[in-house]
$ cat upload.txt   # compact mmCIF, N, CA and C atoms
# COMPACT_ATOMS: atom_id res chain seq x y z
N MET A 1 13.98 -17.28 24.50
CA MET A 1 13.97 -18.35 23.52
C MET A 1 15.09 -18.12 22.52
N SER A 2 16.00 -19.05 22.41
CA SER A 2 17.13 -18.88 21.51
C SER A 2 16.77 -19.35 20.11
N GLU A 3 17.31 -18.64 19.15
CA GLU A 3 17.08 -18.99 17.75
C GLU A 3 18.08 -20.04 17.34
N GLN A 4 17.59 -21.17 16.84
CA GLN A 4 18.48 -22.25 16.45
C GLN A 4 18.52 -22.34 14.93
N LYS A 5 19.72 -22.28 14.36
CA LYS A 5 19.90 -22.38 12.92
C LYS A 5 20.16 -23.83 12.54
N ASN A 6 19.70 -24.20 11.36
CA ASN A 6 20.10 -25.48 10.81
C ASN A 6 21.58 -25.39 10.49
N THR A 7 22.31 -26.40 10.85
CA THR A 7 23.73 -26.37 10.57
C THR A 7 24.05 -27.36 9.46
N PHE A 8 24.39 -26.83 8.32
CA PHE A 8 24.80 -27.61 7.17
C PHE A 8 26.26 -27.30 6.89
N THR A 9 26.98 -28.29 6.38
CA THR A 9 28.35 -28.03 5.97
C THR A 9 28.31 -27.22 4.68
N LEU A 10 29.44 -26.65 4.33
CA LEU A 10 29.54 -25.88 3.10
C LEU A 10 29.18 -26.76 1.90
N GLU A 11 29.66 -27.99 1.90
CA GLU A 11 29.36 -28.91 0.80
C GLU A 11 27.87 -29.21 0.72
N GLU A 12 27.23 -29.39 1.87
CA GLU A 12 25.78 -29.63 1.88
C GLU A 12 25.03 -28.42 1.35
N ASN A 13 25.48 -27.23 1.72
CA ASN A 13 24.83 -26.03 1.22
C ASN A 13 25.01 -25.89 -0.30
N PHE A 14 26.18 -26.25 -0.83
CA PHE A 14 26.37 -26.22 -2.27
C PHE A 14 25.42 -27.20 -2.96
N SER A 15 25.24 -28.37 -2.37
CA SER A 15 24.30 -29.36 -2.92
C SER A 15 22.87 -28.82 -2.89
N ARG A 16 22.53 -28.16 -1.79
CA ARG A 16 21.19 -27.56 -1.69
C ARG A 16 21.00 -26.52 -2.78
N LEU A 17 22.03 -25.71 -3.04
CA LEU A 17 21.93 -24.70 -4.10
C LEU A 17 21.73 -25.35 -5.46
N GLU A 18 22.45 -26.45 -5.71
CA GLU A 18 22.30 -27.16 -6.98
C GLU A 18 20.87 -27.67 -7.15
N GLU A 19 20.30 -28.21 -6.08
CA GLU A 19 18.92 -28.69 -6.14
C GLU A 19 17.94 -27.55 -6.41
N ILE A 20 18.17 -26.42 -5.79
CA ILE A 20 17.30 -25.26 -5.99
C ILE A 20 17.39 -24.78 -7.43
N ILE A 21 18.60 -24.74 -7.97
CA ILE A 21 18.79 -24.30 -9.37
C ILE A 21 18.06 -25.25 -10.32
N GLU A 22 18.19 -26.55 -10.08
CA GLU A 22 17.50 -27.52 -10.93
C GLU A 22 15.99 -27.31 -10.87
N LYS A 23 15.48 -27.07 -9.67
CA LYS A 23 14.04 -26.84 -9.50
C LYS A 23 13.61 -25.59 -10.27
N MET A 24 14.42 -24.54 -10.19
CA MET A 24 14.07 -23.29 -10.87
C MET A 24 14.15 -23.43 -12.39
N GLU A 25 14.97 -24.34 -12.88
CA GLU A 25 15.12 -24.54 -14.31
C GLU A 25 14.03 -25.43 -14.91
N ALA A 26 13.20 -26.03 -14.05
CA ALA A 26 12.14 -26.91 -14.54
C ALA A 26 11.12 -26.12 -15.35
N ASP A 27 10.61 -26.75 -16.39
CA ASP A 27 9.65 -26.09 -17.27
C ASP A 27 8.29 -25.87 -16.60
N ASP A 28 7.94 -26.72 -15.64
CA ASP A 28 6.60 -26.66 -15.06
C ASP A 28 6.53 -25.92 -13.73
N ILE A 29 7.54 -25.12 -13.39
CA ILE A 29 7.54 -24.41 -12.11
C ILE A 29 6.69 -23.14 -12.24
N SER A 30 5.87 -22.91 -11.23
CA SER A 30 5.04 -21.70 -11.24
C SER A 30 5.87 -20.51 -10.78
N LEU A 31 5.35 -19.33 -11.03
CA LEU A 31 6.04 -18.12 -10.62
C LEU A 31 6.22 -18.08 -9.11
N GLU A 32 5.19 -18.49 -8.37
CA GLU A 32 5.27 -18.50 -6.90
C GLU A 32 6.33 -19.47 -6.40
N GLU A 33 6.37 -20.66 -7.02
CA GLU A 33 7.37 -21.65 -6.63
C GLU A 33 8.78 -21.16 -6.97
N ALA A 34 8.92 -20.50 -8.11
CA ALA A 34 10.22 -19.98 -8.51
C ALA A 34 10.68 -18.90 -7.54
N PHE A 35 9.77 -18.03 -7.13
CA PHE A 35 10.13 -16.98 -6.18
C PHE A 35 10.51 -17.57 -4.83
N ALA A 36 9.77 -18.58 -4.37
CA ALA A 36 10.09 -19.24 -3.09
C ALA A 36 11.46 -19.92 -3.18
N ALA A 37 11.73 -20.59 -4.31
CA ALA A 37 13.03 -21.25 -4.49
C ALA A 37 14.14 -20.22 -4.53
N TYR A 38 13.90 -19.09 -5.20
CA TYR A 38 14.90 -18.02 -5.27
C TYR A 38 15.20 -17.48 -3.87
N SER A 39 14.16 -17.24 -3.09
CA SER A 39 14.34 -16.73 -1.73
C SER A 39 15.13 -17.70 -0.87
N THR A 40 14.81 -18.98 -0.98
CA THR A 40 15.54 -20.00 -0.24
C THR A 40 16.99 -20.05 -0.70
N GLY A 41 17.19 -19.99 -2.00
CA GLY A 41 18.54 -20.02 -2.54
C GLY A 41 19.39 -18.86 -2.06
N MET A 42 18.79 -17.68 -2.00
CA MET A 42 19.53 -16.51 -1.52
C MET A 42 19.92 -16.67 -0.05
N ALA A 43 19.04 -17.26 0.76
CA ALA A 43 19.36 -17.50 2.16
C ALA A 43 20.50 -18.52 2.28
N VAL A 44 20.47 -19.56 1.47
CA VAL A 44 21.53 -20.57 1.50
C VAL A 44 22.84 -19.95 1.03
N LEU A 45 22.77 -19.12 -0.01
CA LEU A 45 23.97 -18.45 -0.52
C LEU A 45 24.57 -17.54 0.55
N LYS A 46 23.74 -16.85 1.30
CA LYS A 46 24.23 -16.00 2.39
C LYS A 46 24.96 -16.84 3.44
N GLU A 47 24.39 -17.98 3.77
CA GLU A 47 25.04 -18.88 4.75
C GLU A 47 26.38 -19.37 4.21
N CYS A 48 26.44 -19.68 2.91
CA CYS A 48 27.71 -20.11 2.30
C CYS A 48 28.76 -19.01 2.43
N ASN A 49 28.37 -17.79 2.14
CA ASN A 49 29.30 -16.66 2.26
C ASN A 49 29.80 -16.50 3.69
N GLU A 50 28.90 -16.67 4.66
CA GLU A 50 29.30 -16.55 6.06
C GLU A 50 30.26 -17.68 6.44
N GLN A 51 29.99 -18.88 5.95
CA GLN A 51 30.87 -20.01 6.24
C GLN A 51 32.25 -19.78 5.63
N ILE A 52 32.30 -19.30 4.42
CA ILE A 52 33.58 -19.03 3.76
C ILE A 52 34.35 -17.94 4.50
N ASP A 53 33.64 -16.90 4.95
CA ASP A 53 34.29 -15.83 5.71
C ASP A 53 34.91 -16.38 7.00
N ARG A 54 34.17 -17.27 7.68
CA ARG A 54 34.70 -17.86 8.93
C ARG A 54 35.96 -18.67 8.65
N VAL A 55 35.96 -19.41 7.56
CA VAL A 55 37.12 -20.23 7.21
C VAL A 55 38.31 -19.33 6.87
N GLU A 56 38.06 -18.27 6.09
CA GLU A 56 39.15 -17.37 5.72
C GLU A 56 39.81 -16.75 6.94
N LYS A 57 39.03 -16.47 7.96
CA LYS A 57 39.58 -15.86 9.17
C LYS A 57 40.43 -16.84 9.96
N LYS A 58 40.23 -18.12 9.72
CA LYS A 58 40.98 -19.13 10.45
C LYS A 58 42.21 -19.62 9.69
N VAL A 59 42.41 -19.08 8.49
CA VAL A 59 43.56 -19.51 7.69
C VAL A 59 44.83 -19.21 8.47
N LEU A 60 45.70 -20.16 8.47
CA LEU A 60 46.95 -20.00 9.20
C LEU A 60 48.09 -19.73 8.22
N LYS A 61 49.03 -18.94 8.67
CA LYS A 61 50.22 -18.71 7.85
C LYS A 61 51.44 -19.17 8.64
N LEU A 62 52.45 -19.51 7.94
CA LEU A 62 53.69 -19.96 8.55
C LEU A 62 54.63 -18.77 8.65
N SER A 63 55.00 -18.42 9.88
CA SER A 63 55.89 -17.28 10.07
C SER A 63 57.32 -17.65 9.70
N GLU A 64 58.17 -16.65 9.66
CA GLU A 64 59.58 -16.88 9.32
C GLU A 64 60.25 -17.82 10.31
N GLN A 65 59.76 -17.86 11.55
CA GLN A 65 60.34 -18.73 12.57
C GLN A 65 59.77 -20.15 12.51
N GLY A 66 58.86 -20.42 11.55
CA GLY A 66 58.30 -21.75 11.43
C GLY A 66 57.14 -21.99 12.37
N VAL A 67 56.55 -20.91 12.89
CA VAL A 67 55.43 -21.03 13.81
C VAL A 67 54.14 -20.67 13.08
N LEU A 68 53.11 -21.48 13.29
CA LEU A 68 51.82 -21.17 12.66
C LEU A 68 51.14 -20.03 13.43
N GLU A 69 50.67 -19.05 12.69
CA GLU A 69 49.97 -17.92 13.28
C GLU A 69 48.67 -17.72 12.53
N GLU A 70 47.65 -17.18 13.22
CA GLU A 70 46.41 -16.88 12.52
C GLU A 70 46.66 -15.78 11.52
N PHE A 71 46.06 -15.89 10.35
CA PHE A 71 46.22 -14.94 9.27
C PHE A 71 45.43 -13.69 9.55

$ encode --input "upload.txt" --output "structure tokens"
Amino acid sequence: MSEQKNTFTLEENFSRLEEIIEKMEADDISLEEAFAAYSTGMAVLKECNEQIDRVEKKVLKLSEQGVLEEF
């Protein structure tokens, strides 16, 4: 059985983080809800970091000969 991840774009993950932060800043949030939101936020943040790492590895540089090469 293969594990399937939800695939969100980096922008979608940033939006999800903003929503989580807003939820955590609410005055009426319980400790349990805050902890659950924090845990979810940390998982989303980890995915953002992985996405950024993948993008950084694909950055191309222009060589002296004018040829694009992987960075």

$ atom_distance --input "upload.txt" --atom1 "atom C of A:Ile21" --atom2 "atom C of A:Asp53"
25.7 Å

$ atom_distance --input "upload.txt" --atom1 "atom N of A:Ile29" --atom2 "atom CA of A:Cys48"
26.0 Å

$ atom_distance --input "upload.txt" --atom1 "atom C of A:Ser15" --atom2 "atom N of A:Glu33"
18.9 Å

$ closest_residue --input "upload.txt" --among "A:Lys57, A:Asn13, A:Asn49, A:Ile20" --to "A:Ala36" --atoms "only C-alpha atoms"
A:Ile20
